[in-house]
$ cat data-v7.pdb   # PDB, C-alpha atoms, pLDDT in the B column
MODEL        1
ATOM      1  CA  MET Z   4      95.693 118.345 111.529  1.00 42.00           C
ATOM      2  CA  ILE Z   5      94.966 117.374 107.963  1.00 48.00           C
ATOM      3  CA  GLY Z   6      97.737 117.860 105.424  1.00 44.00           C
ATOM      4  CA  ARG Z   7      97.743 120.872 103.168  1.00 41.00           C
ATOM      5  CA  GLU Z   8      96.109 119.087 100.265  1.00 40.00           C
ATOM      6  CA  LYS Z   9      95.214 121.231  97.307  1.00 39.00           C
ATOM      7  CA  PHE Z  10      91.864 120.868  95.695  1.00 38.00           C
ATOM      8  CA  GLU Z  11      92.920 120.051  92.176  1.00 37.00           C
ATOM      9  CA  MET Z  12      91.352 118.051  89.430  1.00 37.00           C
ATOM     10  CA  ARG Z  13      93.236 115.842  87.019  1.00 35.00           C
ATOM     11  CA  GLY Z  14      92.074 113.807  84.091  1.00 37.00           C
ATOM     12  CA  GLY Z  15      88.859 115.738  83.666  1.00 42.00           C
ATOM     13  CA  PHE Z  16      86.735 115.823  86.790  1.00 48.00           C
ATOM     14  CA  ARG Z  17      88.426 113.147  88.866  1.00 53.00           C
ATOM     15  CA  ALA Z  18      89.154 114.205  92.401  1.00 59.00           C
ATOM     16  CA  ARG Z  19      92.733 114.085  93.572  1.00 62.00           C
ATOM     17  CA  ARG Z  20      93.718 111.697  96.315  1.00 63.00           C
ATOM     18  CA  GLY Z  21      93.648 113.459  99.659  1.00 73.00           C
ATOM     19  CA  MET Z  22      90.677 115.684  98.826  1.00 81.00           C
ATOM     20  CA  ILE Z  23      88.050 113.629 100.571  1.00 88.00           C
ATOM     21  CA  GLN Z  24      88.754 114.556 104.199  1.00 90.00           C
ATOM     22  CA  PRO Z  25      88.886 118.318 103.562  1.00 89.00           C
ATOM     23  CA  ALA Z  26      85.726 118.053 101.454  1.00 89.00           C
ATOM     24  CA  VAL Z  27      83.910 116.173 104.223  1.00 93.00           C
ATOM     25  CA  LEU Z  28      84.926 118.769 106.800  1.00 93.00           C
ATOM     26  CA  SER Z  29      83.773 121.528 104.464  1.00 91.00           C
ATOM     27  CA  VAL Z  30      80.294 120.124 103.961  1.00 92.00           C
ATOM     28  CA  LEU Z  31      79.849 119.260 107.628  1.00 95.00           C
ATOM     29  CA  LEU Z  32      80.168 122.974 108.377  1.00 94.00           C
ATOM     30  CA  ASP Z  33      76.578 123.195 107.109  1.00 92.00           C
ATOM     31  CA  GLY Z  34      75.380 120.795 109.814  1.00 94.00           C
ATOM     32  CA  ASP Z  35      75.331 117.184 110.938  1.00 95.00           C
ATOM     33  CA  LYS Z  36      74.863 114.612 108.192  1.00 96.00           C
ATOM     34  CA  VAL Z  37      74.745 110.897 107.522  1.00 94.00           C
ATOM     35  CA  GLY Z  38      77.149 109.446 104.965  1.00 93.00           C
ATOM     36  CA  TYR Z  39      74.724 109.607 102.050  1.00 93.00           C
ATOM     37  CA  GLU Z  40      73.998 113.269 102.780  1.00 95.00           C
ATOM     38  CA  ILE Z  41      77.730 114.003 102.850  1.00 95.00           C
ATOM     39  CA  MET Z  42      78.165 112.435  99.398  1.00 93.00           C
ATOM     40  CA  SER Z  43      75.185 114.393  98.056  1.00 93.00           C
ATOM     41  CA  SER Z  44      76.439 117.651  99.595  1.00 91.00           C
ATOM     42  CA  ILE Z  45      79.856 117.249  98.007  1.00 88.00           C
ATOM     43  CA  GLU Z  46      78.196 116.596  94.662  1.00 84.00           C
ATOM     44  CA  GLU Z  47      76.010 119.679  95.080  1.00 84.00           C
ATOM     45  CA  LYS Z  48      78.885 121.940  96.169  1.00 81.00           C
ATOM     46  CA  THR Z  49      81.028 120.773  93.239  1.00 78.00           C
ATOM     47  CA  GLN Z  50      78.167 121.508  90.847  1.00 71.00           C
ATOM     48  CA  GLY Z  51      77.906 117.834  89.931  1.00 73.00           C
ATOM     49  CA  MET Z  52      81.591 117.396  89.139  1.00 75.00           C
ATOM     50  CA  TRP Z  53      82.376 115.030  91.979  1.00 81.00           C
ATOM     51  CA  ARG Z  54      80.311 112.533  93.887  1.00 82.00           C
ATOM     52  CA  PRO Z  55      82.559 110.472  96.115  1.00 87.00           C
ATOM     53  CA  SER Z  56      81.746 106.812  96.545  1.00 89.00           C
ATOM     54  CA  PRO Z  57      80.836 105.136  99.826  1.00 91.00           C
ATOM     55  CA  GLY Z  58      84.202 103.361  99.554  1.00 90.00           C
ATOM     56  CA  SER Z  59      85.967 106.685  99.947  1.00 90.00           C
ATOM     57  CA  ILE Z  60      83.538 108.495 102.272  1.00 93.00           C
ATOM     58  CA  TYR Z  61      83.299 105.983 105.091  1.00 93.00           C
ATOM     59  CA  PRO Z  62      87.033 105.320 105.530  1.00 94.00           C
ATOM     60  CA  ALA Z  63      87.593 109.102 105.493  1.00 93.00           C
ATOM     61  CA  LEU Z  64      84.943 109.556 108.185  1.00 95.00           C
ATOM     62  CA  THR Z  65      86.603 106.868 110.293  1.00 95.00           C
ATOM     63  CA  LYS Z  66      89.964 108.636 109.977  1.00 95.00           C
ATOM     64  CA  LEU Z  67      88.409 111.988 110.836  1.00 96.00           C
ATOM     65  CA  GLU Z  68      86.815 110.437 113.899  1.00 96.00           C
ATOM     66  CA  GLU Z  69      90.161 108.933 114.946  1.00 96.00           C
ATOM     67  CA  LYS Z  70      91.764 112.370 114.590  1.00 95.00           C
ATOM     68  CA  GLY Z  71      89.100 113.864 116.833  1.00 96.00           C
ATOM     69  CA  LEU Z  72      87.679 116.091 114.085  1.00 96.00           C
ATOM     70  CA  VAL Z  73      84.224 114.505 113.885  1.00 97.00           C
ATOM     71  CA  THR Z  74      81.944 112.745 116.320  1.00 96.00           C
ATOM     72  CA  VAL Z  75      79.498 109.974 115.489  1.00 95.00           C
ATOM     73  CA  THR Z  76      75.999 109.497 116.814  1.00 94.00           C
ATOM     74  CA  GLU Z  77      74.225 106.183 116.226  1.00 91.00           C
ATOM     75  CA  GLU Z  78      70.684 106.460 114.859  1.00 86.00           C
ATOM     76  CA  GLU Z  79      67.913 103.996 114.141  1.00 84.00           C
ATOM     77  CA  GLY Z  80      68.533 101.532 111.341  1.00 82.00           C
ATOM     78  CA  ASP Z  81      72.310 101.387 111.830  1.00 83.00           C
ATOM     79  CA  LYS Z  82      72.717 104.930 110.520  1.00 89.00           C
ATOM     80  CA  LYS Z  83      75.523 107.076 111.811  1.00 93.00           C
ATOM     81  CA  ARG Z  84      75.256 110.850 111.957  1.00 95.00           C
ATOM     82  CA  TYR Z  85      78.497 112.794 111.755  1.00 97.00           C
ATOM     83  CA  SER Z  86      79.167 116.197 113.266  1.00 96.00           C
ATOM     84  CA  LEU Z  87      82.234 118.386 113.647  1.00 96.00           C
ATOM     85  CA  THR Z  88      84.174 118.881 116.828  1.00 96.00           C
ATOM     86  CA  ASP Z  89      85.479 122.373 117.586  1.00 95.00           C
ATOM     87  CA  GLU Z  90      88.846 121.451 116.080  1.00 95.00           C
ATOM     88  CA  GLY Z  91      87.099 119.936 113.055  1.00 94.00           C
ATOM     89  CA  ARG Z  92      85.129 123.157 112.575  1.00 94.00           C
ATOM     90  CA  THR Z  93      88.315 125.257 112.664  1.00 93.00           C
ATOM     91  CA  ILE Z  94      90.063 123.055 110.106  1.00 92.00           C
ATOM     92  CA  GLY Z  95      86.870 122.821 108.034  1.00 91.00           C
ATOM     93  CA  GLU Z  96      86.662 126.616 107.779  1.00 90.00           C
ATOM     94  CA  HIS Z  97      90.184 126.711 106.367  1.00 86.00           C
ATOM     95  CA  HIS Z  98      89.475 123.976 103.831  1.00 84.00           C
ATOM     96  CA  LYS Z  99      86.087 125.397 102.848  1.00 83.00           C
ATOM     97  CA  LYS Z 100      87.744 128.388 101.187  1.00 76.00           C
ATOM     98  CA  LEU Z 101      89.994 126.100  99.146  1.00 75.00           C
ATOM     99  CA  PHE Z 102      87.100 123.791  98.335  1.00 72.00           C
ATOM    100  CA  ILE Z 103      84.876 126.599  97.058  1.00 68.00           C
ATOM    101  CA  LYS Z 104      87.703 128.195  95.075  1.00 68.00           C
ATOM    102  CA  GLN Z 105      88.586 124.909  93.378  1.00 70.00           C
ATOM    103  CA  PHE Z 106      85.106 124.252  92.090  1.00 65.00           C
ATOM    104  CA  ALA Z 107      83.853 127.793  91.487  1.00 57.00           C
ATOM    105  CA  ASN Z 108      82.798 128.607  87.944  1.00 52.00           C
ATOM    106  CA  ARG Z 109      83.198 125.047  86.681  1.00 56.00           C
ATOM    107  CA  GLY Z 110      79.513 124.239  86.610  1.00 52.00           C
ATOM    108  CA  GLY Z 111      79.080 125.496  83.057  1.00 53.00           C
ATOM    109  CA  ALA Z 112      81.525 122.920  81.751  1.00 57.00           C
ATOM    110  CA  VAL Z 113      79.740 120.165  83.639  1.00 55.00           C
ATOM    111  CA  ASN Z 114      76.298 121.222  82.429  1.00 58.00           C
ATOM    112  CA  MET Z 115      77.557 121.396  78.863  1.00 64.00           C
ATOM    113  CA  GLN Z 116      79.098 117.957  79.209  1.00 64.00           C
ATOM    114  CA  ARG Z 117      75.844 116.522  80.592  1.00 65.00           C
ATOM    115  CA  GLU Z 118      73.827 117.971  77.738  1.00 72.00           C
ATOM    116  CA  LEU Z 119      76.286 117.234  74.927  1.00 75.00           C
ATOM    117  CA  ARG Z 120      77.204 113.683  75.846  1.00 73.00           C
ATOM    118  CA  PRO Z 121      73.818 112.145  74.955  1.00 80.00           C
ATOM    119  CA  LEU Z 122      73.720 114.138  71.721  1.00 84.00           C
ATOM    120  CA  MET Z 123      77.204 113.018  70.745  1.00 84.00           C
ATOM    121  CA  MET Z 124      76.427 109.408  71.642  1.00 84.00           C
ATOM    122  CA  GLY Z 125      73.231 109.688  69.620  1.00 88.00           C
ATOM    123  CA  LEU Z 126      75.293 110.467  66.534  1.00 90.00           C
ATOM    124  CA  MET Z 127      77.023 107.121  66.651  1.00 89.00           C
ATOM    125  CA  GLU Z 128      74.082 104.983  65.534  1.00 91.00           C
ATOM    126  CA  PRO Z 129      73.264 106.917  62.335  1.00 92.00           C
ATOM    127  CA  LEU Z 130      76.980 107.197  61.554  1.00 91.00           C
ATOM    128  CA  LYS Z 131      77.388 103.421  61.863  1.00 92.00           C
ATOM    129  CA  LYS Z 132      74.418 102.850  59.582  1.00 93.00           C
ATOM    130  CA  ILE Z 133      75.756 105.265  56.970  1.00 92.00           C
ATOM    131  CA  GLY Z 134      79.203 103.679  57.219  1.00 91.00           C
ATOM    132  CA  LYS Z 135      77.755 100.193  56.623  1.00 93.00           C
ATOM    133  CA  GLN Z 136      76.061 101.415  53.448  1.00 94.00           C
ATOM    134  CA  ASN Z 137      79.499 102.094  51.949  1.00 91.00           C
ATOM    135  CA  ASN Z 138      78.041 104.931  49.873  1.00 94.00           C
ATOM    136  CA  PRO Z 139      80.698 107.507  48.871  1.00 93.00           C
ATOM    137  CA  GLU Z 140      78.132 110.276  48.323  1.00 95.00           C
ATOM    138  CA  LYS Z 141      76.658 109.832  51.789  1.00 94.00           C
ATOM    139  CA  MET Z 142      80.123 109.701  53.363  1.00 93.00           C
ATOM    140  CA  ALA Z 143      81.068 112.917  51.574  1.00 94.00           C
ATOM    141  CA  ALA Z 144      77.854 114.548  52.864  1.00 94.00           C
ATOM    142  CA  VAL Z 145      78.635 113.423  56.443  1.00 93.00           C
ATOM    143  CA  LEU Z 146      82.196 114.759  56.225  1.00 93.00           C
ATOM    144  CA  ALA Z 147      80.935 118.072  54.851  1.00 95.00           C
ATOM    145  CA  LYS Z 148      78.449 118.378  57.739  1.00 93.00           C
ATOM    146  CA  PHE Z 149      81.200 117.729  60.291  1.00 91.00           C
ATOM    147  CA  GLU Z 150      83.508 120.258  58.643  1.00 93.00           C
ATOM    148  CA  GLN Z 151      80.725 122.839  58.741  1.00 93.00           C
ATOM    149  CA  LEU Z 152      79.976 122.009  62.373  1.00 92.00           C
ATOM    150  CA  LYS Z 153      83.651 122.448  63.238  1.00 90.00           C
ATOM    151  CA  LYS Z 154      83.678 125.860  61.560  1.00 91.00           C
ATOM    152  CA  ASP Z 155      80.470 126.883  63.339  1.00 90.00           C
ATOM    153  CA  LEU Z 156      81.853 125.819  66.724  1.00 88.00           C
ATOM    154  CA  GLU Z 157      85.107 127.696  66.126  1.00 88.00           C
ATOM    155  CA  GLU Z 158      83.042 130.764  65.267  1.00 89.00           C
ATOM    156  CA  ILE Z 159      81.058 130.418  68.502  1.00 87.00           C
ATOM    157  CA  GLU Z 160      84.290 129.973  70.455  1.00 81.00           C
ATOM    158  CA  GLY Z 161      85.710 133.144  68.967  1.00 84.00           C
ATOM    159  CA  GLU Z 162      82.695 135.294  69.852  1.00 79.00           C
TER     160      GLU Z 162
ENDMDL
END
$ encode --input "data-v7.pdb" --output "structure tokens"
Amino acid sequence: MIGREKFEMRGGFRARRGMIQPAVLSVLLDGDKVGYEIMSSIEEKTQGMWRPSPGSIYPALTKLEEKGLVTVTEEEGDKKRYSLTDEGRTIGEHHKKLFIKQFANRGGAVNMQRELRPLMMGLMEPLKKIGKQNNPEKMAAVLAKFEQLKKDLEEIEGE
């Protein structure tokens, strides 16, 4: 049986070591998948917070196969399709609850991050140009805008 790993995030949205096998079992409950589909399903179920790499998915699938929790069917083009064994399904059901609980209601933060990041990065270029001008009036205007933005955001937060 798989250890009792908790689905926790650290350092933002980085998945904790040991999460991959339970996550794979959880998404395979929805049906047989190839490796790429497993990665995409994890990304979808985590609302975009986590998309494991092939370097973590395929070793995890090998370990799950060795443990007798998944079976592999060879397909055309060297693709392998993974499905759960009965034991894998039982363990997957247990981990699915933890998996869903861990990532529930976090999508808003991810969507905000996706939308804000380009805007914040877009501020850098005009700020660099203003900084190079070495104009005290313009710098004062920029600082005033940021102070006002901070106040506005704190007001939104408090609502």
$ atom_distance --input "data-v7.pdb" --atom1 "CA of Leu28 (chain Z)" --atom2 "CA of Gly91 (chain Z)"
6.7 Å
$ closest_residue --input "data-v7.pdb" --among "Z:Glu140, Z:Lys148, Z:Gly38, Z:Met22" --to "Thr76 (chain Z)" --atoms "all atoms listed in the file"
Z:Gly38
$ resolve_selection --input "data-v7.pdb" --expression "the PyMOL selection byres ((chain Z and resi 67) around 12)" --output "NGL selection string"
:Z and (4-5 or 23-28 or 31 or 60-66 or 68-75 or 85-88 or 90-92 or 94-95)
$ resolve_selection --input "data-v7.pdb" --expression "the PyMOL selection byres ((chain Z and resi 40) around 12)" --output "JSON, numbers by chain"
{"Z": [27, 30, 31, 33, 34, 35, 36, 37, 38, 39, 41, 42, 43, 44, 45, 46, 47, 48, 54, 55, 56, 57, 60, 82, 83, 84, 85]}
$ write_last_selection --input "data-v7.pdb" --atoms "C-alpha atoms" --output "JSON list (two decimals), in the frame of the given file"
[["chain", "number", "residue", "atom", "x", "y", "z"],
["Z", 27, "VAL", "CA", 83.91, 116.17, 104.22],
["Z", 30, "VAL", "CA", 80.29, 120.12, 103.96],
["Z", 31, "LEU", "CA", 79.85, 119.26, 107.63],
["Z", 33, "ASP", "CA", 76.58, 123.20, 107.11],
["Z", 34, "GLY", "CA", 75.38, 120.80, 109.81],
["Z", 35, "ASP", "CA", 75.33, 117.18, 110.94],
["Z", 36, "LYS", "CA", 74.86, 114.61, 108.19],
["Z", 37, "VAL", "CA", 74.74, 110.90, 107.52],
["Z", 38, "GLY", "CA", 77.15, 109.45, 104.96],
["Z", 39, "TYR", "CA", 74.72, 109.61, 102.05],
["Z", 41, "ILE", "CA", 77.73, 114.00, 102.85],
["Z", 42, "MET", "CA", 78.17, 112.44, 99.40],
["Z", 43, "SER", "CA", 75.18, 114.39, 98.06],
["Z", 44, "SER", "CA", 76.44, 117.65, 99.60],
["Z", 45, "ILE", "CA", 79.86, 117.25, 98.01],
["Z", 46, "GLU", "CA", 78.20, 116.60, 94.66],
["Z", 47, "GLU", "CA", 76.01, 119.68, 95.08],
["Z", 48, "LYS", "CA", 78.89, 121.94, 96.17],
["Z", 54, "ARG", "CA", 80.31, 112.53, 93.89],
["Z", 55, "PRO", "CA", 82.56, 110.47, 96.12],
["Z", 56, "SER", "CA", 81.75, 106.81, 96.54],
["Z", 57, "PRO", "CA", 80.84, 105.14, 99.83],
["Z", 60, "ILE", "CA", 83.54, 108.50, 102.27],
["Z", 82, "LYS", "CA", 72.72, 104.93, 110.52],
["Z", 83, "LYS", "CA", 75.52, 107.08, 111.81],
["Z", 84, "ARG", "CA", 75.26, 110.85, 111.96],
["Z", 85, "TYR", "CA", 78.50, 112.79, 111.76]]
$ atom_distance --input "data-v7.pdb" --atom1 "CA of Gly21 (chain Z)" --atom2 "CA of Ser59 (chain Z)"
10.2 Å
$ closest_atom_pairs --input "data-v7.pdb" --of "region 44-77 of chain Z" --to "region 114-133 of chain Z" --cutoff "12 Å" --atoms "all atoms listed in the file" --output "CSV"
residue,atom,partner,partner_atom,distance
Z:Thr49,CA,Z:Asn114,CA,11.8
Z:Gln50,CA,Z:Asn114,CA,8.6
Z:Gly51,CA,Z:Asn114,CA,8.4
Z:Met52,CA,Z:Asn114,CA,9.4
$ atom_distance --input "data-v7.pdb" --atom1 "CA of Ser29 (chain Z)" --atom2 "CA of Gly58 (chain Z)"
18.8 Å
$ decode --input "data-v7.pdb" --residues "region 30-68 of chain Z" --atoms "C-alpha atoms" --output "short mmCIF file (atom, residue, chain, number, x, y, z; two decimals), in the first residue's frame"
data_model
loop_
_atom_site.label_atom_id
_atom_site.label_comp_id
_atom_site.auth_asym_id
_atom_site.auth_seq_id
_atom_site.Cartn_x
_atom_site.Cartn_y
_atom_site.Cartn_z
CA VAL Z 30 -7.13 10.37 -11.80
CA LEU Z 31 -7.09 6.80 -13.06
CA LEU Z 32 -10.37 6.27 -11.21
CA ASP Z 33 -11.93 8.19 -14.11
CA GLY Z 34 -10.71 5.58 -16.61
CA ASP Z 35 -7.68 4.23 -18.42
CA LYS Z 36 -5.19 6.82 -19.63
CA VAL Z 37 -1.84 7.23 -21.32
CA GLY Z 38 0.87 9.19 -19.52
CA TYR Z 39 0.10 12.51 -21.20
CA GLU Z 40 -3.58 12.19 -20.29
CA ILE Z 41 -2.63 11.49 -16.67
CA MET Z 42 -0.54 14.68 -16.54
CA SER Z 43 -3.37 16.69 -18.11
CA SER Z 44 -5.95 15.18 -15.74
CA ILE Z 45 -3.89 16.08 -12.69
CA GLU Z 46 -3.53 19.62 -14.01
CA GLU Z 47 -7.28 19.83 -14.61
CA LYS Z 48 -8.21 18.40 -11.19
CA THR Z 49 -5.82 20.80 -9.44
CA GLN Z 50 -7.36 23.72 -11.32
CA GLY Z 51 -4.07 24.40 -13.08
CA MET Z 52 -1.97 24.47 -9.92
CA TRP Z 53 0.06 21.37 -10.67
CA ARG Z 54 1.11 19.70 -13.87
CA PRO Z 55 3.59 16.95 -13.11
CA SER Z 56 6.43 16.42 -15.53
CA PRO Z 57 7.05 13.24 -17.52
CA GLY Z 58 10.12 12.77 -15.32
CA SER Z 59 7.87 12.30 -12.31
CA ILE Z 60 4.87 10.59 -13.95
CA TYR Z 61 6.59 7.69 -15.66
CA PRO Z 62 8.73 6.53 -12.72
CA ALA Z 63 5.61 6.74 -10.52
CA LEU Z 64 3.67 4.62 -13.01
CA THR Z 65 6.47 2.05 -13.03
CA LYS Z 66 6.39 1.87 -9.23
CA LEU Z 67 2.61 1.56 -9.20
CA GLU Z 68 2.85 -1.27 -11.71
#
